[in-house]
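Chemist: data02.txt is reproduced in full below (compact mmCIF, C-alpha atoms).
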```
# COMPACT_ATOMS: atom_id res chain seq x y z
CA MET C 17 97.25 62.49 162.74
CA GLU C 18 98.57 59.13 161.66
CA SER C 19 102.00 60.46 160.65
CA GLN C 20 102.41 62.30 163.98
CA ASN C 21 101.05 59.33 165.96
CA LEU C 22 98.17 61.39 167.36
CA ALA C 23 95.56 58.87 166.26
CA ASP C 24 94.11 56.27 168.58
CA PHE C 25 92.10 53.05 168.16
CA PRO C 26 90.51 52.24 165.77
CA ARG C 27 93.28 52.79 163.27
CA PRO C 28 93.94 53.79 160.60
CA VAL C 29 91.69 56.81 160.99
CA HIS C 30 91.19 57.39 157.29
CA HIS C 31 87.56 57.50 156.05
CA ARG C 32 86.15 57.81 159.57
CA ILE C 33 85.67 60.37 162.34
CA PRO C 34 89.19 60.03 163.77
CA ASN C 35 89.75 58.98 167.34
CA PHE C 36 92.76 60.63 168.94
CA LYS C 37 94.94 60.44 172.00
CA GLY C 38 93.40 62.70 174.62
CA SER C 39 89.82 62.32 173.38
CA TYR C 40 88.59 61.31 176.83
CA LEU C 41 90.20 64.44 178.31
CA ALA C 42 88.56 66.59 175.66
CA CYS C 43 85.20 65.02 176.48
CA GLN C 44 85.57 65.97 180.15
CA ASN C 45 85.61 69.64 179.14
CA ILE C 46 81.90 69.45 178.35
CA ARG C 47 81.26 69.63 182.10
CA ASP C 48 82.48 73.25 181.96
CA LEU C 49 79.65 74.19 179.61
CA GLU C 50 76.54 75.63 181.22
CA VAL C 51 74.46 74.18 178.38
CA PHE C 52 75.51 70.68 179.44
CA ALA C 53 74.63 71.30 183.08
CA ARG C 54 71.05 72.25 182.21
CA THR C 55 70.65 69.61 179.51
CA GLN C 56 68.14 66.85 180.17
CA GLU C 57 68.19 65.09 176.80
CA LEU C 58 71.10 65.03 174.37
CA LYS C 59 71.99 63.38 171.09
CA VAL C 60 75.57 62.11 170.80
CA ASP C 61 76.94 60.51 167.66
CA PRO C 62 78.27 56.92 167.97
CA ASP C 63 81.85 57.86 167.01
CA LYS C 64 84.65 56.51 169.21
CA PRO C 65 86.11 59.92 170.26
CA LEU C 66 82.69 60.87 171.72
CA GLU C 67 82.55 57.86 174.03
CA GLY C 68 83.55 59.98 177.04
CA VAL C 69 80.57 62.32 176.52
CA ARG C 70 78.19 59.38 176.30
CA LEU C 71 79.56 58.07 179.58
CA LEU C 72 79.22 61.46 181.29
CA ALA C 73 75.63 61.73 180.10
CA LEU C 74 74.76 58.33 181.56
CA GLN C 75 76.57 59.06 184.83
CA SER C 76 74.65 62.34 185.06
CA LYS C 77 71.37 60.45 184.49
CA LYS C 78 70.58 62.41 181.37
CA THR C 79 68.55 60.91 178.54
CA LEU C 80 71.05 59.75 175.92
CA LEU C 81 70.06 59.33 172.29
CA VAL C 82 72.48 57.83 169.77
CA PRO C 83 71.79 57.76 166.00
CA THR C 84 71.59 54.35 164.37
CA PRO C 85 74.55 53.58 162.08
CA ARG C 86 73.95 55.07 158.64
CA LEU C 87 70.30 55.59 159.65
CA ARG C 88 69.36 52.24 158.11
CA THR C 89 67.19 51.02 160.99
CA GLY C 90 65.76 54.30 162.26
CA LEU C 91 66.96 57.64 163.58
CA PHE C 92 67.64 57.25 167.31
CA ASN C 93 68.33 54.60 169.90
CA LYS C 94 67.73 55.50 173.52
CA ILE C 95 70.44 54.05 175.74
CA THR C 96 68.81 52.43 178.77
CA PRO C 97 71.27 51.00 181.33
CA PRO C 98 69.98 48.15 183.51
CA PRO C 99 68.70 49.11 186.99
CA GLY C 100 71.50 49.58 189.48
CA ALA C 101 74.15 49.68 186.75
CA THR C 102 77.69 49.99 188.05
CA LYS C 103 80.25 52.35 186.55
CA ASP C 104 81.70 49.45 184.56
CA ILE C 105 78.26 48.69 183.10
CA LEU C 106 77.74 52.36 182.27
CA ARG C 107 81.11 52.37 180.56
CA LYS C 108 79.98 49.42 178.44
CA CYS C 109 76.70 51.20 177.65
CA ALA C 110 78.70 54.12 176.28
CA THR C 111 80.57 51.93 173.77
CA SER C 112 79.35 50.88 170.34
CA GLN C 113 78.59 47.42 171.74
CA GLY C 114 76.58 48.97 174.54
CA VAL C 115 74.59 51.00 172.04
CA ARG C 116 73.58 47.70 170.44
CA ASN C 117 72.89 45.80 173.66
CA TYR C 118 71.31 48.43 175.92
CA SER C 119 69.17 50.49 173.58
CA THR C 120 65.59 50.77 172.41
CA PRO C 121 64.44 52.43 169.16
CA VAL C 122 62.83 55.85 169.31
CA GLY C 123 60.14 56.45 166.69
CA LEU C 124 59.00 59.54 164.84
CA ASP C 125 55.95 59.85 167.06
CA SER C 126 57.99 59.85 170.27
CA LYS C 127 58.02 63.12 172.18
CA VAL C 128 61.71 63.93 171.72
CA LEU C 129 63.10 67.34 172.63
CA VAL C 130 66.88 67.41 172.33
CA ASP C 131 68.62 70.08 174.43
CA LEU C 132 72.15 69.47 173.13
CA VAL C 133 73.70 67.89 170.02
CA VAL C 134 77.24 66.44 170.06
CA VAL C 135 78.85 65.51 166.74
CA GLY C 136 82.22 64.26 165.58
CA SER C 137 84.30 66.11 163.00
CA VAL C 138 87.23 65.60 160.67
CA ALA C 139 88.05 69.30 160.77
CA VAL C 140 86.47 72.42 162.25
CA SER C 141 87.25 76.13 162.22
CA GLU C 142 87.09 78.56 165.14
CA LYS C 143 84.22 80.22 163.28
CA GLY C 144 82.17 77.07 163.79
CA TRP C 145 82.38 75.71 160.26
CA ARG C 146 82.64 71.96 160.22
CA ILE C 147 83.75 69.19 157.85
CA GLY C 148 82.72 65.59 158.45
CA LYS C 149 83.57 62.39 156.60
CA GLY C 150 81.86 63.71 153.49
CA GLU C 151 78.86 61.38 153.67
CA GLY C 152 76.56 63.97 155.21
CA TYR C 153 75.05 61.85 158.00
CA ALA C 154 75.49 64.40 160.80
CA ASP C 155 73.96 67.11 158.60
CA LEU C 156 71.07 64.84 157.64
CA GLU C 157 70.47 63.69 161.22
CA TYR C 158 70.16 67.31 162.34
CA ALA C 159 67.86 68.17 159.43
CA MET C 160 65.67 65.17 160.28
CA MET C 161 65.50 66.29 163.91
CA VAL C 162 64.36 69.72 162.71
CA SER C 163 61.67 68.09 160.58
CA MET C 164 60.34 66.08 163.52
CA GLY C 165 60.48 69.07 165.88
CA ALA C 166 63.22 67.66 168.12
CA VAL C 167 65.60 70.64 167.74
CA SER C 168 65.43 74.32 166.81
CA GLN C 169 67.86 76.97 165.63
CA GLY C 170 68.66 77.66 169.28
CA THR C 171 69.74 74.09 170.10
CA PRO C 172 73.51 74.23 170.75
CA VAL C 173 75.86 71.94 168.81
CA VAL C 174 79.18 70.75 170.24
CA THR C 175 82.05 68.97 168.50
CA ILE C 176 85.07 67.27 170.08
CA VAL C 177 88.38 67.17 168.19
CA HIS C 178 92.13 67.19 168.63
CA ASP C 179 93.81 70.60 168.58
CA CYS C 180 95.36 69.80 165.20
CA GLN C 181 91.86 69.41 163.71
CA VAL C 182 91.03 73.07 164.37
CA VAL C 183 91.95 74.71 161.06
CA ASP C 184 90.86 77.51 158.74
CA ILE C 185 88.04 76.42 156.44
CA PRO C 186 87.06 78.54 153.43
CA GLU C 187 83.41 79.58 153.59
CA ALA C 188 83.10 78.64 149.92
CA LEU C 189 83.19 74.98 150.95
CA LEU C 190 79.99 75.34 152.97
CA GLU C 191 76.48 74.72 151.67
CA ASP C 192 73.07 75.51 153.14
CA HIS C 193 72.58 71.96 154.41
CA ASP C 194 75.92 71.88 156.28
CA LEU C 195 75.76 71.82 160.07
CA THR C 196 77.76 74.41 162.03
CA VAL C 197 78.88 74.15 165.66
CA ASP C 198 78.65 76.48 168.65
CA TYR C 199 81.34 74.92 170.84
CA ILE C 200 84.62 73.14 170.08
CA LEU C 201 86.22 71.01 172.77
CA THR C 202 89.84 69.88 172.48
CA PRO C 203 92.19 68.37 175.10
CA THR C 204 93.49 71.89 175.85
CA ARG C 205 90.74 74.34 174.87
CA VAL C 206 87.07 75.19 175.06
CA ILE C 207 86.19 77.38 172.07
CA THR C 208 82.94 79.31 171.84
CA THR C 209 82.54 79.97 168.12
CA GLY C 210 79.78 82.58 168.17
CA CYS C 211 78.74 81.22 164.78
CA GLU C 212 75.81 83.12 163.28
CA ARG C 213 75.48 81.09 160.11
CA PRO C 214 71.99 79.47 160.13
CA LYS C 215 71.81 75.76 160.75
CA PRO C 216 69.79 73.52 158.40
CA ALA C 217 66.11 74.44 158.54
CA GLY C 218 64.97 70.96 157.52
CA ILE C 219 65.68 68.27 154.98
CA SER C 220 66.89 69.46 151.57
CA TRP C 221 65.13 66.81 149.49
CA SER C 222 66.89 67.97 146.35
CA LYS C 223 70.11 66.71 147.96
CA ILE C 224 68.63 63.26 148.67
CA SER C 225 69.11 60.52 146.08
CA CYS C 226 66.66 57.72 145.36
CA GLU C 227 69.32 55.24 146.47
CA MET C 228 69.70 56.99 149.83
CA LEU C 229 65.94 57.08 150.29
CA GLY C 230 65.72 53.36 149.57
CA LYS C 231 68.22 52.56 152.34
CA MET C 232 66.59 54.66 155.06
CA PRO C 233 63.01 53.79 156.07
CA ILE C 234 62.93 56.67 158.57
CA LEU C 235 63.71 59.07 155.73
CA ARG C 236 60.90 57.63 153.63
CA SER C 237 58.49 58.12 156.51
CA LEU C 238 59.53 61.74 156.97
CA ARG C 239 59.22 62.37 153.25
CA HIS C 240 55.70 60.95 153.24
CA ARG C 241 54.74 63.23 156.12
CA GLU C 242 56.14 66.31 154.44
CA GLU C 243 54.50 65.40 151.15
CA GLN C 244 51.17 65.08 152.95
CA ALA C 245 51.81 68.53 154.44
CA GLY C 246 52.14 69.96 150.91
CA LYS C 247 55.90 70.48 150.89
CA ASP C 248 58.13 70.02 147.85
CA VAL C 249 59.87 66.66 148.27
CA THR C 250 61.44 66.40 144.81
CA LEU C 251 64.51 64.19 144.98
CA GLN C 252 67.95 64.78 143.52
CA ASP C 253 67.71 62.13 140.80
CA GLY C 254 64.08 61.20 140.45
CA PRO C 255 60.88 62.87 139.26
CA ARG C 256 58.13 63.34 141.77
CA SER C 257 54.52 64.36 141.49
CA PRO C 258 53.83 67.87 142.84
CA PRO C 259 52.48 68.29 146.37
CA GLY C 260 48.81 67.36 146.56
CA ALA C 261 48.91 65.20 143.45
CA THR C 262 47.18 61.84 143.68
CA ARG C 263 48.31 58.62 142.13
CA SER C 264 46.31 57.01 139.40
CA PRO C 265 44.64 53.62 139.83
CA GLN C 266 47.39 52.17 137.65
CA ASP C 267 49.99 53.41 140.15
CA LEU C 268 48.12 51.82 143.02
CA ALA C 269 47.48 48.51 141.29
CA PRO C 270 49.63 45.56 142.38
CA PRO C 271 52.47 44.53 140.07
CA GLU C 272 51.90 41.78 137.57
CA LEU C 273 52.29 38.16 138.67
CA GLY C 274 55.82 36.92 138.32
CA SER C 275 57.52 40.24 139.13
CA VAL C 276 56.95 40.37 142.87
CA PRO C 277 57.70 38.19 145.91
CA PRO C 278 55.13 37.38 148.62
CA SER C 279 54.11 40.13 151.05
CA SER C 280 54.52 38.35 154.38
CA VAL C 281 57.73 38.37 156.42
CA GLN C 282 58.76 35.84 159.05
CA ILE C 283 60.79 36.97 162.06
CA GLY C 284 62.52 34.22 164.01
CA ASN C 285 64.86 33.85 166.98
CA LEU C 286 62.71 36.10 169.16
CA PRO C 287 63.74 36.14 172.84
CA ARG C 288 61.86 33.83 175.19
CA ASP C 289 60.56 36.76 177.22
CA ALA C 290 59.72 38.94 174.19
CA ARG C 291 56.29 40.52 174.12
CA VAL C 292 54.27 41.39 171.07
CA SER C 293 53.95 44.99 172.30
CA GLU C 294 57.75 45.35 172.30
CA LEU C 295 57.98 44.09 168.74
CA LYS C 296 55.18 46.38 167.59
CA ARG C 297 56.86 49.41 169.14
CA ALA C 298 60.20 48.54 167.57
CA LEU C 299 58.66 48.00 164.12
CA SER C 300 56.80 51.29 164.36
CA ALA C 301 59.99 53.10 165.39
CA LEU C 302 61.80 51.65 162.38
CA GLY C 303 59.04 52.72 160.01
CA VAL C 304 58.12 49.16 158.99
CA ALA C 305 54.92 48.54 160.95
CA PRO C 306 52.88 45.84 159.17
CA SER C 307 49.17 46.06 158.41
CA ARG C 308 48.72 42.85 160.45
CA LEU C 309 50.94 40.83 162.80
CA THR C 310 50.66 37.14 163.70
CA TRP C 311 52.39 36.39 167.01
CA GLN C 312 53.74 32.92 167.74
CA GLY C 313 55.65 33.53 170.96
CA PRO C 314 56.05 29.87 172.01
CA GLN C 315 57.78 29.21 168.67
CA HIS C 316 59.88 32.38 169.10
CA ARG C 317 58.62 33.82 165.84
CA ALA C 318 56.12 36.22 164.32
CA PHE C 319 54.70 36.87 160.87
CA LEU C 320 54.41 40.41 159.52
CA HIS C 321 51.79 40.90 156.84
CA TYR C 322 52.21 43.90 154.53
CA ARG C 323 49.90 45.41 151.97
CA ASP C 324 52.16 44.64 149.05
CA PRO C 325 55.42 42.80 148.28
CA ALA C 326 57.36 46.04 147.95
CA GLU C 327 56.66 46.88 151.58
CA ALA C 328 57.70 43.37 152.60
CA GLN C 329 61.01 43.72 150.76
CA GLN C 330 61.65 47.11 152.40
CA ALA C 331 60.93 45.61 155.80
CA ILE C 332 63.41 42.78 155.20
CA ALA C 333 66.11 45.25 154.18
CA CYS C 334 65.47 47.43 157.23
CA LEU C 335 65.39 44.57 159.71
CA GLN C 336 68.73 43.03 158.75
CA GLY C 337 70.81 42.95 161.93
CA PHE C 338 67.80 44.05 164.03
CA ARG C 339 68.01 43.11 167.68
CA LEU C 340 65.15 42.58 170.09
CA GLY C 341 66.49 42.33 173.60
CA ALA C 342 69.70 40.32 173.46
CA ASN C 343 68.79 38.41 170.29
CA THR C 344 69.53 39.24 166.68
CA VAL C 345 66.39 38.14 164.87
CA ARG C 346 66.23 36.18 161.62
CA VAL C 347 64.19 37.82 158.89
CA VAL C 348 63.04 36.05 155.72
CA LEU C 349 60.13 36.09 153.33
CA ALA C 350 57.38 33.86 154.65
CA ARG C 351 57.07 32.28 151.21
CA GLN C 352 59.99 32.67 148.86
CA GLN C 353 58.29 31.57 145.66
CA ARG C 354 58.63 33.19 142.30
CA ALA C 355 56.19 32.74 139.44
CA SER C 356 58.83 30.79 137.55
CA ASP C 357 58.95 28.34 140.47
CA LEU C 358 55.21 27.73 140.50
CA PRO C 359 53.78 24.58 138.94
CA ARG C 360 51.98 24.97 135.64
CA GLU C 361 49.14 22.80 136.97
CA LEU C 362 47.32 22.96 140.29
CA PRO C 363 48.45 20.23 142.71
CA ALA C 364 45.87 17.51 143.33
CA ASP C 365 45.54 18.45 147.02
CA ALA C 366 45.32 22.20 146.44
CA CYS C 367 42.19 24.19 147.00
CA ALA C 368 41.10 27.27 145.09
CA GLU C 369 38.23 29.67 145.33
CA MET C 370 36.13 31.09 142.51
CA LYS C 371 34.35 34.34 143.13
CA GLY C 372 31.31 35.39 141.14
CA PRO C 373 29.02 36.29 139.84
CA VAL C 374 29.25 32.87 138.18
CA SER C 375 26.68 30.50 136.73
CA GLN C 376 26.36 27.08 135.15
CA SER C 377 26.25 28.61 131.70
CA ARG C 378 29.29 30.87 132.33
CA GLY C 379 31.55 28.79 134.49
CA ALA C 380 34.82 29.88 132.90
CA GLY C 381 36.75 32.44 134.90
CA CYS C 382 39.68 33.10 137.19
CA VAL C 383 40.29 31.47 140.53
CA ARG C 384 42.67 32.23 143.35
CA ALA C 385 44.86 29.32 144.40
CA SER C 386 45.31 29.44 148.15
CA LEU C 387 48.27 27.05 148.31
CA LEU C 388 50.38 28.59 145.57
CA GLY C 389 51.17 31.86 147.27
CA PRO C 390 49.60 35.32 147.62
CA GLY C 391 48.28 36.89 144.45
CA VAL C 392 48.44 33.73 142.32
CA ARG C 393 45.50 33.50 139.94
CA LEU C 394 44.49 30.60 137.72
CA LYS C 395 42.24 30.51 134.69
CA CYS C 396 39.73 27.73 134.14
CA PRO C 397 38.51 27.76 130.52
CA SER C 398 35.81 25.10 130.91
CA PRO C 399 32.42 25.48 132.62
CA LEU C 400 32.19 24.36 136.22
CA PRO C 401 29.09 23.13 138.06
CA ILE C 402 28.45 26.11 140.32
CA PRO C 403 24.98 26.96 141.66
CA LYS C 404 23.61 30.02 139.91
CA ALA C 405 22.92 32.03 143.05
CA GLN C 406 26.24 31.26 144.70
CA LYS C 407 28.88 33.98 144.40
CA SER C 408 31.79 32.14 145.99
CA VAL C 409 32.64 28.46 146.04
CA ARG C 410 35.67 26.40 147.06
CA LEU C 411 36.96 24.19 144.26
CA TRP C 412 39.39 21.31 144.26
CA ALA C 413 42.00 20.58 141.63
CA HIS C 414 40.85 20.79 138.04
CA SER C 415 43.00 19.49 135.22
CA SER C 416 42.41 22.45 132.91
CA TRP C 417 43.41 25.20 135.30
CA GLU C 418 46.34 27.30 134.07
CA LEU C 419 48.35 30.19 135.42
CA GLU C 420 46.80 33.42 134.23
```
As C-alpha cells, please, write out the structure in this file.
Modeler:
Amino acid sequence: MESQNLADFPRPVHHRIPNFKGSYLACQNIRDLEVFARTQELKVDPDKPLEGVRLLALQSKKTLLVPTPRLRTGLFNKITPPPGATKDILRKCATSQGVRNYSTPVGLDSKVLVDLVVVGSVAVSEKGWRIGKGEGYADLEYAMMVSMGAVSQGTPVVTIVHDCQVVDIPEALLEDHDLTVDYILTPTRVITTGCERPKPAGISWSKISCEMLGKMPILRSLRHREEQAGKDVTLQDGPRSPPGATRSPQDLAPPELGSVPPSSVQIGNLPRDARVSELKRALSALGVAPSRLTWQGPQHRAFLHYRDPAEAQQAIACLQGFRLGANTVRVVLARQQRASDLPRELPADACAEMKGPVSQSRGAGCVRASLLGPGVRLKCPSPLPIPKAQKSVRLWAHSSWELE
C-alpha cells in the first residue's frame, strides 16, 4: 500500500491497521447493509479507516461504543455528543480525539447488547478469514464481549479494507480464538462472506499471559468472575489453582513490611463541576473501585483507599492518562514512603496505639505508628504503664521503640 501510494494518513502504515485512500467511501457502503439499518448499538474499533462508520453511527443516532486503546483502562467507551451537536462536532466525536473528549466508560455491569461489530483488518479473504496487526486485540475484545453477554454467535461482524487487502488466506493460519467476518466493505465492493467458521466462544485463558493480565484491569475482573463460576482460567505462563480452590491464610496475609507501598491513592486535577458519583461510576467501569473513597471536591481531589498496596498499585497503573470530563487527572500514591525511608526511631510528636490485652506486668509488645504510614508496626521491649483492664491506649513517643 505504501509502494503503490494507496496509504493515507497516518503514515507509514506499517505495524497498524492501515488507513487508505477511499476509506471514507468504503465506510459509506455500510448503509447498504440491512444489518446496519436495524442496528441500535454497535461497537466500532478506534482505527482511522473506520472513522466514517463512527460518524454515520452518530448521525443515525445509534449508540456507539469504541474500545479503549489496548484495553488498559477498560473495555468500552460510549461516545456521547453534546446536546444539539452540529455535523462538525459529530465529525470531531468520530475522531480519536473525540473518543477521548466525548466519551464515558462502560462497565462490566452495564446492560450492553451489541447488534453489530465493526473491526479493522490488515488482510481479509472472501471466505471471511481475517488477519489483524498480530496483537490479538480485536479477537480478545470480541471474546470479552461474549463473556459479558454483549454478543452472540449471530452478531454480524463487518470489516472495512482497501480492495488490495482482500487476498487468499490459508486456513492453516487460523486458530480457534481468531475472529472471522461476515461482511467486507471496500471502496468498490460489498462482499457477503457466508463464513460458517465459529467465532470465539469466550476468552481462551490459555492464550493470555500474566503480563497481559497485569496490564488490563477489565480482563482481571472477567477472569475473577469466570473463576467464581467454576471455569478453568489457567493462564498461558502461570500456574493457577483449580476452580473452586480457596487460598490459604498465608496467601491472604499482607506482604511483609518494607516490600509494599501504601494502599491509598490520591487523584488530583478533578474538574470543578465533577461529582463523586461520576468518579465512582468511572472507577467501577475501569475495574478499580476502592473499598472507600474520600471526596474533597473544593480541593479538586479525592483519595481512594484500597484493601492492600497491590490493589493501589494496579489502580495507579490503570488510571494513567484517565480523563474525567475535560481534565486529565493526576494519580499518585497518597504516601510514597518505603520502609527504608522510615526513621529508625519514632518522632517526638508522633502518636502510636497499643492494642491488648496488655498489663503492667507485660507491657512489652507491638504498637502501630499512625504517622509513619499504613501497616508500620513498632516494637517496645520495655514495660509501659498501661491500666490492666484497658485493651487499647494511645501512646506518645518512647525512646526504645524500634521498627519490627
Chemist: Between CA of Arg70 in chain C and CA of Ala110 in chain C, measure the distance and give it in Å to one decimal.
Modeler: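 We find that CA of Arg70 in chain C and CA of Ala110 in chain C lie 5.3 Å from each other.
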Chemist: What is the CA of Thr96 in chain C-CA of Tyr118 in chain C distance in Å, reported with one decimal?
Modeler: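 Atom-to-atom, CA of Thr96 in chain C to CA of Tyr118 in chain C, that is 5.5 Å.
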Chemist: Considering all atoms listed in the file, return as a PDB file with C-alpha atoms, keeping the file's coordinate frame whatever protein or nucleic-acid residues lie within 7 Å of Asp63 in chain C, sequence-local ones (same chain, fewer than 2 positions apart) excluded.
Modeler:
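Saved the output as part26.pdb:
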```pdb
ATOM      1  CA  ILE C  33      85.670  60.370 162.340  1.00  0.00           C
ATOM      2  CA  ASP C  61      76.940  60.510 167.660  1.00  0.00           C
ATOM      3  CA  PRO C  65      86.110  59.920 170.260  1.00  0.00           C
ATOM      4  CA  LEU C  66      82.690  60.870 171.720  1.00  0.00           C
ATOM      5  CA  GLY C 136      82.220  64.260 165.580  1.00  0.00           C
TER       6      GLY C 136
END
```
Chemist: Would you mind telling me which residue in C:Gly150, C:Pro216, C:Gly114, C:Pro34 lies nearest to Gly170 in chain C when using all atoms listed in the file?
Modeler: C:Pro216
Chemist: I'd like the contact shell of Pro306 in chain C - 8 Å cut-off, all atoms listed in the file, skipping same-chain residues fewer than 3 positions apart - returned as a list in words.
Modeler: Leu299, Leu309, Leu320, His321, Tyr322 and Arg323 of chain C
Chemist: Would you mind reading off the distance between CA of Ile219 in chain C and CA of Leu91 in chain C, one decimal, in Å?
Modeler: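 Answer for the CA of Ile219 in chain C to CA of Leu91 in chain C separation: 13.7 Å.
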Chemist: For each of C:Ser126, C:Asp194, C:Val115, C:Leu132, take the minimum atom-to-atom distance to Arg146 in chain C, counting only C-alpha atoms, then give the residue where this is smallest.
Modeler: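 Among the listed residues, C:Asp194 lies closest to Arg146 in chain C.
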Chemist: Could I get the residues of range 73-99 of chain C with an atom no further than 6 Å from an atom of range 48-59 of chain C, each paired with its nearest atom pair and that distance in Å to one decimal, using all atoms listed in the file, sorted by chain and residue number, as CSV?
Modeler:
```
residue,atom,partner,partner_atom,distance
C:Lys78,CA,C:Gln56,CA,5.2
C:Thr79,CA,C:Glu57,CA,4.5
C:Leu80,CA,C:Leu58,CA,5.5
C:Leu81,CA,C:Lys59,CA,4.6
C:Val82,CA,C:Lys59,CA,5.7
```
Chemist: For His178 in chain C, which of C:Phe338, C:Phe25, C:Phe319, C:Tyr40 is the closest residue, counting all atoms listed in the file?
Modeler: C:Tyr40
Chemist: Once you add 4 Å to each side, what are the centre and edge lengths of the axis-aligned box holding all listed atoms of range 153-162 of chain C? One decimal in Å, as lines of an AutoDock Vina configuration file, if you can.
Modeler:
```
center_x = 69.9
center_y = 65.8
center_z = 160.8
size_x = 19.1
size_y = 15.9
size_z = 14.3
```
Chemist: Can you work out which one of C:Ala188, C:Leu41, C:Leu195, C:Leu229 has the shortest atom-to-atom distance to Ala217 in chain C, counting all atoms listed in the file?
Modeler: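 Once distances to Ala217 in chain C are computed over all atoms listed in the file, the minimum belongs to C:Leu195.
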Chemist: Rank C:Gly68, C:Gly284, C:Pro325, C:Gly148 by their smallest atom-to-atom distance to Asn45 in chain C, using all atoms listed in the file, and report the top residue only.
Modeler: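 Among C:Gly68, C:Gly284, C:Pro325, C:Gly148, it is C:Gly68 that comes nearest to Asn45 in chain C.
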Chemist: Counting only C-alpha atoms, find the residues whose atoms lie at most 6 Å from (82.6, 73.2, 167.3) (file coordinates) and write them out as a list of chain:residue names.
Modeler: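 Checking each residue against the 6 Å limit leaves C:Gly144, C:Val174, C:Thr175, C:Val197, C:Asp198, C:Tyr199, C:Ile200.
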